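Trainee: My structure is stored as query-v8.txt, with compact mmCIF, N, CA and C atoms.
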# COMPACT_ATOMS: atom_id res chain seq x y z
N PRO N 1 68.32 -274.79 -298.83
CA PRO N 1 67.15 -275.30 -299.54
C PRO N 1 65.87 -274.66 -299.04
N MET N 2 64.93 -274.47 -299.96
CA MET N 2 63.64 -273.88 -299.61
C MET N 2 62.52 -274.76 -300.10
N LEU N 3 61.48 -274.86 -299.30
CA LEU N 3 60.24 -275.52 -299.66
C LEU N 3 59.15 -274.47 -299.58
N PHE N 4 58.43 -274.29 -300.65
CA PHE N 4 57.34 -273.33 -300.66
C PHE N 4 56.02 -274.07 -300.45
N LEU N 5 55.24 -273.61 -299.49
CA LEU N 5 53.88 -274.10 -299.25
C LEU N 5 52.96 -272.91 -299.47
N HIS N 6 51.96 -273.10 -300.32
CA HIS N 6 51.09 -271.97 -300.61
C HIS N 6 49.66 -272.45 -300.79
N GLY N 7 48.74 -271.79 -300.13
CA GLY N 7 47.32 -272.12 -300.25
C GLY N 7 46.75 -271.63 -301.56
N THR N 8 45.94 -272.47 -302.18
CA THR N 8 45.35 -272.10 -303.47
C THR N 8 44.31 -270.99 -303.34
N GLU N 9 43.79 -270.77 -302.14
CA GLU N 9 42.78 -269.73 -301.92
C GLU N 9 43.35 -268.49 -301.23
N ASP N 10 44.66 -268.35 -301.21
CA ASP N 10 45.31 -267.18 -300.61
C ASP N 10 45.06 -265.99 -301.52
N ARG N 11 44.41 -264.95 -301.01
CA ARG N 11 44.14 -263.75 -301.80
C ARG N 11 45.01 -262.58 -301.36
N ARG N 12 45.77 -262.76 -300.27
CA ARG N 12 46.67 -261.71 -299.81
C ARG N 12 47.99 -261.79 -300.58
N VAL N 13 48.53 -262.98 -300.69
CA VAL N 13 49.73 -263.24 -301.49
C VAL N 13 49.31 -264.34 -302.46
N LEU N 14 49.23 -264.02 -303.73
CA LEU N 14 48.71 -264.95 -304.72
C LEU N 14 49.66 -266.13 -304.95
N PRO N 15 49.10 -267.31 -305.21
CA PRO N 15 49.93 -268.47 -305.50
C PRO N 15 50.90 -268.21 -306.66
N SER N 16 50.49 -267.39 -307.61
CA SER N 16 51.37 -267.08 -308.75
C SER N 16 52.66 -266.40 -308.30
N GLN N 17 52.63 -265.72 -307.16
CA GLN N 17 53.83 -265.08 -306.65
C GLN N 17 54.84 -266.13 -306.16
N SER N 18 54.36 -267.17 -305.52
CA SER N 18 55.26 -268.27 -305.12
C SER N 18 55.78 -268.98 -306.36
N GLU N 19 54.90 -269.18 -307.34
CA GLU N 19 55.32 -269.83 -308.58
C GLU N 19 56.43 -269.03 -309.26
N ALA N 20 56.33 -267.70 -309.25
CA ALA N 20 57.36 -266.85 -309.85
C ALA N 20 58.68 -266.95 -309.09
N MET N 21 58.61 -266.99 -307.76
CA MET N 21 59.84 -267.12 -306.97
C MET N 21 60.50 -268.47 -307.21
N VAL N 22 59.71 -269.53 -307.29
CA VAL N 22 60.25 -270.85 -307.56
C VAL N 22 60.90 -270.88 -308.93
N ALA N 23 60.25 -270.29 -309.93
CA ALA N 23 60.81 -270.25 -311.28
C ALA N 23 62.14 -269.49 -311.30
N ALA N 24 62.22 -268.39 -310.58
CA ALA N 24 63.46 -267.61 -310.52
C ALA N 24 64.57 -268.40 -309.85
N LEU N 25 64.25 -269.09 -308.78
CA LEU N 25 65.26 -269.90 -308.09
C LEU N 25 65.74 -271.04 -308.99
N GLU N 26 64.81 -271.69 -309.68
CA GLU N 26 65.19 -272.77 -310.57
C GLU N 26 66.05 -272.27 -311.72
N ALA N 27 65.73 -271.09 -312.25
CA ALA N 27 66.53 -270.49 -313.33
C ALA N 27 67.95 -270.18 -312.85
N ALA N 28 68.09 -269.90 -311.56
CA ALA N 28 69.40 -269.60 -310.98
C ALA N 28 70.13 -270.86 -310.54
N GLY N 29 69.50 -272.02 -310.75
CA GLY N 29 70.15 -273.28 -310.40
C GLY N 29 69.89 -273.76 -308.98
N SER N 30 68.90 -273.18 -308.33
CA SER N 30 68.56 -273.59 -306.96
C SER N 30 67.12 -274.10 -306.94
N PRO N 31 66.93 -275.38 -307.25
CA PRO N 31 65.57 -275.88 -307.26
C PRO N 31 64.89 -275.74 -305.90
N ALA N 32 63.64 -275.34 -305.94
CA ALA N 32 62.85 -275.19 -304.72
C ALA N 32 61.47 -275.76 -304.98
N PRO N 33 61.11 -276.85 -304.31
CA PRO N 33 59.80 -277.41 -304.54
C PRO N 33 58.67 -276.49 -304.06
N LEU N 34 57.58 -276.53 -304.76
CA LEU N 34 56.38 -275.78 -304.40
C LEU N 34 55.25 -276.78 -304.21
N ARG N 35 54.60 -276.71 -303.07
CA ARG N 35 53.44 -277.57 -302.80
C ARG N 35 52.25 -276.67 -302.59
N LEU N 36 51.29 -276.74 -303.49
CA LEU N 36 50.07 -275.95 -303.35
C LEU N 36 49.08 -276.72 -302.47
N ILE N 37 48.53 -276.03 -301.48
CA ILE N 37 47.61 -276.64 -300.53
C ILE N 37 46.18 -276.31 -300.97
N PRO N 38 45.45 -277.31 -301.45
CA PRO N 38 44.08 -277.06 -301.92
C PRO N 38 43.22 -276.42 -300.83
N GLY N 39 42.58 -275.31 -301.17
CA GLY N 39 41.69 -274.63 -300.23
C GLY N 39 42.38 -273.80 -299.18
N GLY N 40 43.72 -273.82 -299.15
CA GLY N 40 44.45 -273.07 -298.14
C GLY N 40 44.36 -271.57 -298.36
N LYS N 41 44.19 -270.83 -297.26
CA LYS N 41 44.14 -269.37 -297.30
C LYS N 41 45.39 -268.81 -296.65
N HIS N 42 45.55 -267.50 -296.67
CA HIS N 42 46.70 -266.85 -296.07
C HIS N 42 46.70 -267.13 -294.56
N GLY N 43 47.85 -267.54 -294.05
CA GLY N 43 47.95 -267.83 -292.62
C GLY N 43 47.16 -269.08 -292.24
N MET N 44 47.14 -270.04 -293.15
CA MET N 44 46.30 -271.23 -292.98
C MET N 44 46.68 -272.06 -291.76
N GLY N 45 47.91 -271.95 -291.31
CA GLY N 45 48.33 -272.68 -290.13
C GLY N 45 48.47 -274.17 -290.35
N GLU N 46 48.56 -274.87 -289.26
CA GLU N 46 48.85 -276.30 -289.30
C GLU N 46 47.69 -277.14 -289.81
N SER N 47 46.46 -276.66 -289.70
CA SER N 47 45.32 -277.49 -290.07
C SER N 47 45.37 -277.91 -291.53
N ARG N 48 45.84 -277.04 -292.41
CA ARG N 48 45.94 -277.37 -293.83
C ARG N 48 47.25 -278.07 -294.15
N ALA N 49 48.28 -277.85 -293.36
CA ALA N 49 49.58 -278.46 -293.62
C ALA N 49 49.64 -279.90 -293.14
N GLU N 50 48.76 -280.27 -292.23
CA GLU N 50 48.79 -281.62 -291.66
C GLU N 50 48.81 -282.73 -292.70
N PRO N 51 48.00 -282.67 -293.76
CA PRO N 51 48.03 -283.77 -294.74
C PRO N 51 49.37 -283.94 -295.44
N ILE N 52 50.20 -282.91 -295.46
CA ILE N 52 51.49 -283.03 -296.14
C ILE N 52 52.66 -282.98 -295.15
N LEU N 53 52.34 -283.21 -293.89
CA LEU N 53 53.38 -283.15 -292.85
C LEU N 53 54.54 -284.10 -293.15
N SER N 54 54.25 -285.28 -293.68
CA SER N 54 55.34 -286.22 -293.98
C SER N 54 56.25 -285.67 -295.07
N GLU N 55 55.68 -284.93 -296.04
CA GLU N 55 56.50 -284.29 -297.08
C GLU N 55 57.39 -283.21 -296.48
N ILE N 56 56.84 -282.45 -295.54
CA ILE N 56 57.61 -281.39 -294.90
C ILE N 56 58.77 -281.99 -294.11
N VAL N 57 58.48 -283.04 -293.35
CA VAL N 57 59.52 -283.70 -292.55
C VAL N 57 60.59 -284.28 -293.48
N ALA N 58 60.19 -284.93 -294.57
CA ALA N 58 61.15 -285.50 -295.51
C ALA N 58 62.02 -284.41 -296.12
N PHE N 59 61.44 -283.26 -296.44
CA PHE N 59 62.22 -282.15 -297.00
C PHE N 59 63.25 -281.67 -295.99
N VAL N 60 62.83 -281.46 -294.75
CA VAL N 60 63.76 -280.98 -293.71
C VAL N 60 64.84 -282.02 -293.46
N ASP N 61 64.45 -283.28 -293.36
CA ASP N 61 65.44 -284.34 -293.17
C ASP N 61 66.47 -284.34 -294.31
N GLY N 62 65.98 -284.22 -295.54
CA GLY N 62 66.89 -284.20 -296.69
C GLY N 62 67.82 -282.98 -296.65
N ALA N 63 67.28 -281.85 -296.26
CA ALA N 63 68.09 -280.63 -296.18
C ALA N 63 69.18 -280.74 -295.11
N LEU N 64 68.87 -281.50 -294.06
CA LEU N 64 69.84 -281.67 -292.97
C LEU N 64 70.72 -282.89 -293.16
N GLY N 65 70.44 -283.66 -294.21
CA GLY N 65 71.23 -284.85 -294.47
C GLY N 65 70.88 -286.03 -293.59
N ALA N 66 69.68 -285.98 -292.99
CA ALA N 66 69.25 -287.08 -292.13
C ALA N 66 68.82 -288.28 -292.96
N LYS N 67 69.05 -289.44 -292.43
CA LYS N 67 68.62 -290.66 -293.12
C LYS N 67 67.18 -290.98 -292.71
N PRO N 68 66.36 -291.40 -293.68
CA PRO N 68 64.98 -291.74 -293.35
C PRO N 68 64.91 -292.90 -292.36
N VAL N 69 63.93 -292.86 -291.50
CA VAL N 69 63.71 -293.92 -290.53
C VAL N 69 62.70 -294.89 -291.13
N GLY N 70 62.99 -296.19 -290.99
CA GLY N 70 62.02 -297.18 -291.43
C GLY N 70 62.38 -297.95 -292.62
Output the file's structure as structure tokens, nothing else.

Mentor:
Amino acid sequence: PMLFLHGTEDRRVLPSQSEAMVAALEAAGSPAPLRLIPGGKHGMGESRAEPILSEIVAFVDGALGAKPVG
């Protein structure tokens, strides 16, 4: 499983490139969620990912078959 995180302000690798990869994976039967990070630039690091950290953890847990806590 793949999770795509892409900053909306990335000018090195355009968000449309992630969108195209996700569309290709979905067409091949391998859904891959894409989460666009508002204001995120290339190499945005953890500061922009922090607001969606729970989504990232849930994705990894699901990929590993872990049961949610709580």

Trainee: Using DSSP on the backbone coordinates, identify the residues of chain N assigned to strand (DSSP E); present them as a ChimeraX atom specification.

Mentor: /N:4-7,34-37

Trainee: Name the residues within 8 Å of (43.7, -275.5, -301.9), counting all atoms listed in the file in the file's coordinates, and put them as a ChimeraX atom specification.

Mentor: /N:6-10,36-41

Trainee: Pick from N:Ala23, N:Asp61, N:Pro31, N:Ser54: nearest to Met2 in chain N, with all atoms listed in the file counted?

Mentor: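 The closest residue to Met2 in chain N is N:Pro31.
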
Trainee: Work out how far apart CA of Leu34 in chain N and CA of Glu50 in chain N are and give it in Å to one decimal.

Mentor: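 Those two atoms sit 15.9 Å apart.
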
Trainee: Please compute the CA of Gly62 in chain N-atom C of Ala20 in chain N distance, one decimal, in Å.

Mentor: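 Answer for the CA of Gly62 in chain N to atom C of Ala20 in chain N separation: 22.8 Å.
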
Trainee: Give me the box for range 25-28 of chain N as lines of an AutoDock Vina configuration file, namely the centre and edge lengths in Å to one decimal of a box along x, y and z that holds every listed atom plus 6 Å on each side.

Mentor:
center_x = 67.2
center_y = -270.9
center_z = -310.7
size_x = 17.9
size_y = 15.7
size_z = 17.2

Trainee: Rounded to one decimal in Å, what is the spacing between atom N of Ala58 in chain N and atom N of Pro1 in chain N?

Mentor: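 Separation of atom N of Ala58 in chain N and atom N of Pro1 in chain N: 13.7 Å.
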